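Undergrad: I am sharing upload_32.json, which consists of JSON, C-alpha atoms:
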```json
[["chain", "number", "residue", "atom", "x", "y", "z"],
["A", 1, "MET", "CA", 85.92, 195.44, -29.85],
["A", 2, "ALA", "CA", 86.06, 193.61, -26.54],
["A", 3, "HIS", "CA", 87.00, 189.95, -26.56],
["A", 4, "GLN", "CA", 84.54, 187.70, -24.74],
["A", 5, "ASP", "CA", 85.87, 184.62, -22.99],
["A", 6, "SER", "CA", 84.24, 181.62, -24.68],
["A", 7, "SER", "CA", 84.01, 179.68, -21.40],
["A", 8, "THR", "CA", 82.02, 182.52, -19.86],
["A", 9, "SER", "CA", 79.52, 182.60, -22.71],
["A", 10, "SER", "CA", 79.16, 178.81, -22.76],
["A", 11, "ASP", "CA", 78.73, 178.79, -18.97],
["A", 12, "LEU", "CA", 75.91, 181.31, -19.36],
["A", 13, "GLY", "CA", 74.20, 179.08, -21.91],
["A", 14, "LEU", "CA", 74.57, 176.04, -19.66],
["A", 15, "THR", "CA", 73.35, 178.03, -16.66],
["A", 16, "LEU", "CA", 70.29, 179.19, -18.58],
["A", 17, "GLY", "CA", 69.73, 175.66, -19.87],
["A", 18, "MET", "CA", 69.80, 174.32, -16.33],
["A", 19, "LEU", "CA", 67.41, 177.05, -15.18],
["A", 20, "LEU", "CA", 65.02, 176.15, -17.99],
["A", 21, "LEU", "CA", 65.11, 172.48, -17.02],
["A", 22, "ARG", "CA", 64.47, 173.36, -13.38],
["A", 23, "VAL", "CA", 61.50, 175.54, -14.29],
["A", 24, "TRP", "CA", 60.01, 172.96, -16.67],
["A", 25, "LEU", "CA", 60.39, 170.03, -14.29],
["A", 26, "SER", "CA", 59.08, 172.13, -11.40],
["A", 27, "ILE", "CA", 55.99, 173.32, -13.25],
["A", 28, "ARG", "CA", 55.33, 169.76, -14.42],
["A", 29, "ALA", "CA", 55.51, 168.38, -10.87],
["A", 30, "ILE", "CA", 53.59, 171.25, -9.25],
["A", 31, "GLN", "CA", 50.75, 171.18, -11.76],
["A", 32, "THR", "CA", 50.51, 167.38, -11.60],
["A", 33, "GLY", "CA", 50.41, 167.59, -7.81],
["A", 34, "LEU", "CA", 47.71, 170.28, -7.92],
["A", 35, "GLU", "CA", 45.60, 168.20, -10.30],
["A", 36, "LYS", "CA", 45.39, 165.54, -7.59],
["A", 37, "PHE", "CA", 43.17, 168.03, -5.72],
["A", 38, "SER", "CA", 40.89, 168.90, -8.64],
["A", 39, "GLY", "CA", 37.25, 168.05, -8.98],
["A", 40, "SER", "CA", 34.02, 169.37, -10.44],
["A", 41, "ALA", "CA", 31.43, 171.65, -8.93],
["A", 42, "VAL", "CA", 27.94, 171.45, -10.32],
["A", 43, "GLY", "CA", 25.70, 174.49, -10.32],
["A", 44, "SER", "CA", 22.96, 176.05, -12.35],
["A", 45, "LYS", "CA", 22.35, 179.34, -14.06],
["A", 46, "PRO", "CA", 19.26, 180.82, -15.66],
["A", 47, "VAL", "CA", 18.73, 180.16, -19.35],
["A", 48, "THR", "CA", 18.99, 183.42, -21.29],
["A", 49, "ILE", "CA", 16.62, 184.34, -24.07],
["A", 50, "ASP", "CA", 17.77, 187.14, -26.37],
["A", 51, "GLY", "CA", 20.55, 187.92, -23.87],
["A", 52, "ALA", "CA", 18.26, 188.28, -20.84],
["A", 53, "PRO", "CA", 17.40, 185.74, -18.13],
["A", 54, "ASN", "CA", 14.14, 183.97, -18.95],
["A", 55, "ASP", "CA", 10.90, 184.62, -17.05],
["A", 56, "TYR", "CA", 10.00, 180.92, -16.84],
["A", 57, "GLY", "CA", 12.53, 179.86, -14.21],
["A", 58, "LEU", "CA", 14.42, 177.70, -16.68],
["A", 59, "THR", "CA", 17.99, 176.85, -15.64],
["A", 60, "GLU", "CA", 20.82, 174.92, -17.16],
["A", 61, "ALA", "CA", 23.35, 172.80, -15.31],
["A", 62, "THR", "CA", 26.90, 174.08, -15.21],
["A", 63, "THR", "CA", 30.09, 172.40, -14.12],
["A", 64, "SER", "CA", 33.35, 174.03, -13.24],
["A", 65, "LYS", "CA", 36.73, 172.78, -12.16],
["A", 66, "VAL", "CA", 37.56, 173.37, -8.51],
["A", 67, "TYR", "CA", 40.49, 172.52, -6.27],
["A", 68, "SER", "CA", 40.06, 171.41, -2.68],
["A", 69, "ILE", "CA", 41.52, 169.00, -0.17],
["A", 70, "SER", "CA", 38.24, 167.07, -0.16],
["A", 71, "ASN", "CA", 38.79, 166.25, -3.86],
["A", 72, "TYR", "CA", 42.23, 164.73, -3.26],
["A", 73, "GLN", "CA", 42.90, 161.46, -5.08],
["A", 74, "GLY", "CA", 46.59, 160.59, -5.38],
["A", 75, "VAL", "CA", 45.98, 157.66, -7.70],
["A", 76, "PRO", "CA", 42.94, 158.15, -9.96],
["A", 77, "GLY", "CA", 40.10, 155.72, -9.22],
["A", 78, "PRO", "CA", 40.30, 153.57, -12.39],
["A", 79, "LEU", "CA", 44.08, 153.20, -11.99],
["A", 80, "TYR", "CA", 43.72, 152.49, -8.28],
["A", 81, "GLU", "CA", 41.39, 149.62, -9.12],
["A", 82, "LYS", "CA", 43.85, 148.20, -11.69],
["A", 83, "PHE", "CA", 46.75, 148.52, -9.26],
["A", 84, "SER", "CA", 44.79, 146.86, -6.47],
["A", 85, "ASN", "CA", 44.48, 143.74, -8.64],
["A", 86, "GLU", "CA", 48.26, 143.49, -9.08],
["A", 87, "PRO", "CA", 49.93, 140.93, -6.79],
["A", 88, "LEU", "CA", 53.23, 142.89, -6.84],
["A", 89, "ILE", "CA", 51.55, 145.92, -5.25],
["A", 90, "PRO", "CA", 50.36, 145.18, -1.71],
["A", 91, "SER", "CA", 47.18, 147.05, -0.79],
["A", 92, "TRP", "CA", 48.85, 148.76, 2.20],
["A", 93, "SER", "CA", 51.57, 150.19, -0.05],
["A", 94, "LEU", "CA", 49.01, 151.36, -2.60],
["A", 95, "ASP", "CA", 47.10, 153.12, 0.18],
["A", 96, "ILE", "CA", 50.27, 154.89, 1.35],
["A", 97, "TYR", "CA", 51.20, 155.82, -2.21],
["A", 98, "ASN", "CA", 47.72, 157.20, -2.78],
["A", 99, "ILE", "CA", 48.19, 159.50, 0.23],
["A", 100, "ILE", "CA", 51.72, 160.76, -0.49],
["A", 101, "LEU", "CA", 51.83, 161.08, -4.28],
["A", 102, "GLY", "CA", 50.23, 164.54, -4.59],
["A", 103, "PRO", "CA", 52.11, 166.15, -1.70],
["A", 104, "ALA", "CA", 55.38, 164.56, -2.88],
["A", 105, "LEU", "CA", 54.95, 166.07, -6.35],
["A", 106, "LEU", "CA", 54.19, 169.49, -4.86],
["A", 107, "ILE", "CA", 57.12, 169.41, -2.42],
["A", 108, "LEU", "CA", 59.61, 168.24, -5.04],
["A", 109, "GLY", "CA", 58.29, 170.77, -7.56],
["A", 110, "PHE", "CA", 58.67, 173.68, -5.14],
["A", 111, "THR", "CA", 62.09, 172.61, -3.83],
["A", 112, "LEU", "CA", 63.36, 172.33, -7.39],
["A", 113, "LEU", "CA", 61.81, 175.64, -8.45],
["A", 114, "LEU", "CA", 63.33, 177.44, -5.47],
["A", 115, "GLY", "CA", 66.70, 175.73, -5.82],
["A", 116, "ILE", "CA", 66.55, 173.99, -2.45],
["A", 117, "CYS", "CA", 68.92, 171.01, -2.54],
["A", 118, "THR", "CA", 68.54, 170.79, -6.31],
["A", 119, "ARG", "CA", 70.53, 167.59, -6.82],
["A", 120, "LEU", "CA", 68.63, 165.76, -4.08],
["A", 121, "SER", "CA", 65.32, 167.13, -5.35],
["A", 122, "LEU", "CA", 66.11, 165.93, -8.88],
["A", 123, "PHE", "CA", 67.19, 162.52, -7.61],
["A", 124, "ALA", "CA", 64.03, 162.16, -5.49],
["A", 125, "MET", "CA", 61.92, 163.26, -8.46],
["A", 126, "GLY", "CA", 63.65, 160.62, -10.58],
["A", 127, "LEU", "CA", 62.85, 157.98, -7.95],
["A", 128, "LEU", "CA", 59.23, 159.12, -7.85],
["A", 129, "TYR", "CA", 58.91, 158.89, -11.64],
["A", 130, "THR", "CA", 60.61, 155.48, -11.53],
["A", 131, "SER", "CA", 58.00, 154.30, -9.03],
["A", 132, "LEU", "CA", 55.24, 155.57, -11.32],
["A", 133, "THR", "CA", 56.92, 153.70, -14.18],
["A", 134, "PHE", "CA", 56.90, 150.47, -12.15],
["A", 135, "GLY", "CA", 53.14, 150.70, -11.72],
["A", 136, "LEU", "CA", 52.50, 151.55, -15.35],
["A", 137, "ILE", "CA", 54.62, 148.59, -16.49],
["A", 138, "LEU", "CA", 52.47, 146.28, -14.37],
["A", 139, "ILE", "CA", 49.25, 147.47, -16.00],
["A", 140, "LYS", "CA", 50.79, 147.57, -19.47],
["A", 141, "GLN", "CA", 50.52, 151.33, -20.07],
["A", 142, "ASP", "CA", 53.42, 151.53, -22.53],
["A", 143, "ALA", "CA", 52.70, 155.11, -23.63],
["A", 144, "GLY", "CA", 52.88, 156.29, -20.01],
["A", 145, "VAL", "CA", 56.09, 154.33, -19.49],
["A", 146, "ALA", "CA", 57.66, 156.03, -22.52],
["A", 147, "TRP", "CA", 56.45, 159.45, -21.32],
["A", 148, "LEU", "CA", 58.00, 158.88, -17.90],
["A", 149, "GLY", "CA", 61.19, 157.65, -19.59],
["A", 150, "ILE", "CA", 61.45, 161.06, -21.26],
["A", 151, "HIS", "CA", 61.08, 162.68, -17.84],
["A", 152, "ILE", "CA", 63.93, 160.54, -16.50],
["A", 153, "ILE", "CA", 66.14, 161.65, -19.41],
["A", 154, "ILE", "CA", 65.30, 165.31, -18.68],
["A", 155, "ILE", "CA", 66.16, 164.76, -15.00],
["A", 156, "LEU", "CA", 69.43, 163.10, -16.02],
["A", 157, "ILE", "CA", 70.34, 166.09, -18.19],
["A", 158, "ALA", "CA", 69.52, 168.43, -15.29],
["A", 159, "LEU", "CA", 71.75, 166.38, -12.97],
["A", 160, "VAL", "CA", 74.60, 166.57, -15.50],
["A", 161, "LEU", "CA", 74.13, 170.34, -15.75],
["A", 162, "ALA", "CA", 73.86, 170.77, -11.96],
["A", 163, "LYS", "CA", 77.36, 172.23, -11.75],
["A", 164, "TYR", "CA", 76.04, 175.20, -13.75],
["A", 165, "ASN", "CA", 73.06, 175.62, -11.44],
["A", 166, "ARG", "CA", 72.67, 179.19, -10.19],
["A", 167, "PHE", "CA", 69.96, 181.02, -8.29],
["A", 168, "VAL", "CA", 69.84, 178.32, -5.60],
["A", 169, "ILE", "CA", 69.44, 178.17, -1.86],
["A", 170, "ASN", "CA", 71.83, 175.26, -1.34],
["A", 171, "ARG", "CA", 74.32, 174.68, -4.15],
["A", 172, "ASN", "CA", 76.12, 171.61, -2.74],
["A", 173, "LEU", "CA", 73.10, 169.35, -2.48]]
```
Can you give me the file's structure in the form of structure tokens?
TA:
Amino acid sequence: MAHQDSSTSSDLGLTLGMLLLRVWLSIRAIQTGLEKFSGSAVGSKPVTIDGAPNDYGLTEATTSKVYSISNYQGVPGPLYEKFSNEPLIPSWSLDIYNIILGPALLILGFTLLLGICTRLSLFAMGLLYTSLTFGLILIKQDAGVAWLGIHIIIILIALVLAKYNRFVINRNL
């Protein structure tokens, strides 16, 4: 029976753990960024009677989720309104944040997924989530603050495990 070096097997577990964290954080950021481009399309379809389209021209309204640049809203409307009433958030900075939030999430998600400057990507993602936390604290959204706190802990764990990071484009950053 061959003896397996325990450091090799534990390194594999840590490497896989780091990969899992990268994938989870990436998917979370990418999907959140994509959702900034989502909207609804309204259409109509004929009402069916006994499985066949009706002869009376009756239609029913349908809505479906669509993604497009024209739907982009970095900060959702109701939150934007709350933030605009906060004296600690100047309107010019809120306007900039509204523009860059979606693309920033997408860029950080893809750089982390692909292993491009993983440590810097994780750090930038942590700063982005910290900025989101700042806004949620101002409008007293404690559940969102706690949720983002969990994200920061996950990022911290990924940074600690970064030395076991494999499958990367730039290991040193």
Undergrad: Do you have the atom CA of Thr130 of chain A-atom CA of Phe37 of chain A distance handy?
TA: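 A separation of 22.3 Å between them.
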Undergrad: Counting all atoms listed in the file, what is within 7 Å of segment 99-102 of chain A, bar same-chain residues fewer than 5 positions away, as a list in words?
TA: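 The neighbour list is Gly33, Lys36 and Gly74 of chain A.
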Undergrad: Which neighbours of segment 111-119 of chain A fall inside 7 Å, counting all atoms listed in the file, when residues of the same chain fewer than 4 positions from it are skipped, and could you give them as a PyMOL selection string?
TA: chain A and resi 22-23+26+107+123+159+162+167-171+173
Undergrad: Between A:Leu161, A:Ser68, A:Gln141, A:Ser131, single out the one closest to Ser93 of chain A, counting only C-alpha atoms.
TA: A:Ser131
Undergrad: Which distance in Å separates atom CA of Tyr67 of chain A and atom CA of Leu105 of chain A, to one decimal?
TA: 15.8 Å
Undergrad: Quick one: residues within 9 Å of Val66 of chain A, all atoms listed in the file counted, chain neighbours fewer than 4 positions away excluded, as a PyMOL selection string?
TA: chain A and resi 37-41+71
Undergrad: Measuring between all atoms listed in the file, which one of A:Glu35, A:Asp55, A:Asp50, A:Asp11 shows the shortest distance to Leu106 of chain A?
TA: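 Once distances to Leu106 of chain A are computed over all atoms listed in the file, the minimum belongs to A:Glu35.
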Undergrad: Hey, could you patch up segment 141-152 of chain A with all heavy atoms and hand it over as a PDB file, in the frame of the given file?
TA:
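Output file out22.pdb follows:
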```pdb
ATOM      1  N   GLN A 141      50.775 149.992 -19.516  1.00  0.00           N
ATOM      2  CA  GLN A 141      50.520 151.330 -20.070  1.00  0.00           C
ATOM      3  C   GLN A 141      51.816 151.827 -20.721  1.00  0.00           C
ATOM      4  O   GLN A 141      52.504 152.692 -20.183  1.00  0.00           O
ATOM      5  CB  GLN A 141      50.070 152.280 -18.956  1.00  0.00           C
ATOM      6  CG  GLN A 141      48.749 151.934 -18.365  1.00  0.00           C
ATOM      7  CD  GLN A 141      47.614 152.190 -19.333  1.00  0.00           C
ATOM      8  OE1 GLN A 141      47.634 153.154 -20.085  1.00  0.00           O
ATOM      9  NE2 GLN A 141      46.632 151.321 -19.317  1.00  0.00           N
ATOM     10  N   ASP A 142      52.139 151.255 -21.879  1.00  0.00           N
ATOM     11  CA  ASP A 142      53.420 151.530 -22.530  1.00  0.00           C
ATOM     12  C   ASP A 142      53.618 152.996 -22.896  1.00  0.00           C
ATOM     13  O   ASP A 142      54.725 153.507 -22.818  1.00  0.00           O
ATOM     14  CB  ASP A 142      53.574 150.647 -23.778  1.00  0.00           C
ATOM     15  CG  ASP A 142      53.659 149.169 -23.425  1.00  0.00           C
ATOM     16  OD1 ASP A 142      54.045 148.860 -22.277  1.00  0.00           O
ATOM     17  OD2 ASP A 142      53.331 148.335 -24.281  1.00  0.00           O
ATOM     18  N   ALA A 143      52.561 153.684 -23.287  1.00  0.00           N
ATOM     19  CA  ALA A 143      52.700 155.110 -23.630  1.00  0.00           C
ATOM     20  C   ALA A 143      53.101 155.909 -22.397  1.00  0.00           C
ATOM     21  O   ALA A 143      53.960 156.795 -22.470  1.00  0.00           O
ATOM     22  CB  ALA A 143      51.399 155.645 -24.214  1.00  0.00           C
ATOM     23  N   GLY A 144      52.516 155.614 -21.255  1.00  0.00           N
ATOM     24  CA  GLY A 144      52.880 156.290 -20.010  1.00  0.00           C
ATOM     25  C   GLY A 144      54.300 155.976 -19.582  1.00  0.00           C
ATOM     26  O   GLY A 144      55.010 156.844 -19.070  1.00  0.00           O
ATOM     27  N   VAL A 145      54.716 154.729 -19.805  1.00  0.00           N
ATOM     28  CA  VAL A 145      56.090 154.330 -19.490  1.00  0.00           C
ATOM     29  C   VAL A 145      57.071 155.134 -20.345  1.00  0.00           C
ATOM     30  O   VAL A 145      58.070 155.657 -19.833  1.00  0.00           O
ATOM     31  CB  VAL A 145      56.289 152.811 -19.695  1.00  0.00           C
ATOM     32  CG1 VAL A 145      57.755 152.420 -19.582  1.00  0.00           C
ATOM     33  CG2 VAL A 145      55.448 152.026 -18.693  1.00  0.00           C
ATOM     34  N   ALA A 146      56.778 155.263 -21.625  1.00  0.00           N
ATOM     35  CA  ALA A 146      57.660 156.030 -22.520  1.00  0.00           C
ATOM     36  C   ALA A 146      57.690 157.502 -22.099  1.00  0.00           C
ATOM     37  O   ALA A 146      58.754 158.133 -22.089  1.00  0.00           O
ATOM     38  CB  ALA A 146      57.176 155.901 -23.971  1.00  0.00           C
ATOM     39  N   TRP A 147      56.545 158.056 -21.751  1.00  0.00           N
ATOM     40  CA  TRP A 147      56.450 159.450 -21.320  1.00  0.00           C
ATOM     41  C   TRP A 147      57.298 159.675 -20.077  1.00  0.00           C
ATOM     42  O   TRP A 147      58.027 160.656 -19.981  1.00  0.00           O
ATOM     43  CB  TRP A 147      54.975 159.771 -21.084  1.00  0.00           C
ATOM     44  CG  TRP A 147      54.683 161.182 -20.732  1.00  0.00           C
ATOM     45  CD1 TRP A 147      54.272 161.642 -19.526  1.00  0.00           C
ATOM     46  CD2 TRP A 147      54.765 162.327 -21.578  1.00  0.00           C
ATOM     47  NE1 TRP A 147      54.086 163.000 -19.571  1.00  0.00           N
ATOM     48  CE2 TRP A 147      54.383 163.442 -20.824  1.00  0.00           C
ATOM     49  CE3 TRP A 147      55.129 162.513 -22.912  1.00  0.00           C
ATOM     50  CZ2 TRP A 147      54.356 164.726 -21.343  1.00  0.00           C
ATOM     51  CZ3 TRP A 147      55.089 163.784 -23.420  1.00  0.00           C
ATOM     52  CH2 TRP A 147      54.710 164.870 -22.643  1.00  0.00           C
ATOM     53  N   LEU A 148      57.201 158.760 -19.119  1.00  0.00           N
ATOM     54  CA  LEU A 148      58.000 158.880 -17.900  1.00  0.00           C
ATOM     55  C   LEU A 148      59.489 158.669 -18.192  1.00  0.00           C
ATOM     56  O   LEU A 148      60.346 159.261 -17.541  1.00  0.00           O
ATOM     57  CB  LEU A 148      57.509 157.907 -16.834  1.00  0.00           C
ATOM     58  CG  LEU A 148      56.174 158.309 -16.201  1.00  0.00           C
ATOM     59  CD1 LEU A 148      55.601 157.168 -15.376  1.00  0.00           C
ATOM     60  CD2 LEU A 148      56.338 159.555 -15.344  1.00  0.00           C
ATOM     61  N   GLY A 149      59.790 157.836 -19.185  1.00  0.00           N
ATOM     62  CA  GLY A 149      61.190 157.650 -19.590  1.00  0.00           C
ATOM     63  C   GLY A 149      61.785 158.966 -20.089  1.00  0.00           C
ATOM     64  O   GLY A 149      62.938 159.288 -19.792  1.00  0.00           O
ATOM     65  N   ILE A 150      61.002 159.746 -20.803  1.00  0.00           N
ATOM     66  CA  ILE A 150      61.450 161.060 -21.260  1.00  0.00           C
ATOM     67  C   ILE A 150      61.717 161.968 -20.061  1.00  0.00           C
ATOM     68  O   ILE A 150      62.703 162.705 -20.022  1.00  0.00           O
ATOM     69  CB  ILE A 150      60.427 161.690 -22.229  1.00  0.00           C
ATOM     70  CG1 ILE A 150      60.399 160.881 -23.540  1.00  0.00           C
ATOM     71  CG2 ILE A 150      60.744 163.152 -22.505  1.00  0.00           C
ATOM     72  CD1 ILE A 150      59.248 161.220 -24.462  1.00  0.00           C
ATOM     73  N   HIS A 151      60.862 161.887 -19.060  1.00  0.00           N
ATOM     74  CA  HIS A 151      61.080 162.680 -17.840  1.00  0.00           C
ATOM     75  C   HIS A 151      62.392 162.294 -17.158  1.00  0.00           C
ATOM     76  O   HIS A 151      63.125 163.155 -16.677  1.00  0.00           O
ATOM     77  CB  HIS A 151      59.912 162.493 -16.865  1.00  0.00           C
ATOM     78  CG  HIS A 151      58.675 163.218 -17.252  1.00  0.00           C
ATOM     79  ND1 HIS A 151      57.951 162.924 -18.385  1.00  0.00           N
ATOM     80  CD2 HIS A 151      58.027 164.238 -16.652  1.00  0.00           C
ATOM     81  CE1 HIS A 151      56.918 163.718 -18.465  1.00  0.00           C
ATOM     82  NE2 HIS A 151      56.934 164.541 -17.428  1.00  0.00           N
ATOM     83  N   ILE A 152      62.675 161.010 -17.118  1.00  0.00           N
ATOM     84  CA  ILE A 152      63.930 160.540 -16.500  1.00  0.00           C
ATOM     85  C   ILE A 152      65.124 161.092 -17.274  1.00  0.00           C
ATOM     86  O   ILE A 152      66.118 161.523 -16.677  1.00  0.00           O
ATOM     87  CB  ILE A 152      63.966 158.998 -16.429  1.00  0.00           C
ATOM     88  CG1 ILE A 152      62.884 158.474 -15.479  1.00  0.00           C
ATOM     89  CG2 ILE A 152      65.341 158.499 -16.019  1.00  0.00           C
ATOM     90  CD1 ILE A 152      63.067 158.837 -14.023  1.00  0.00           C
TER      91      ILE A 152
END
```
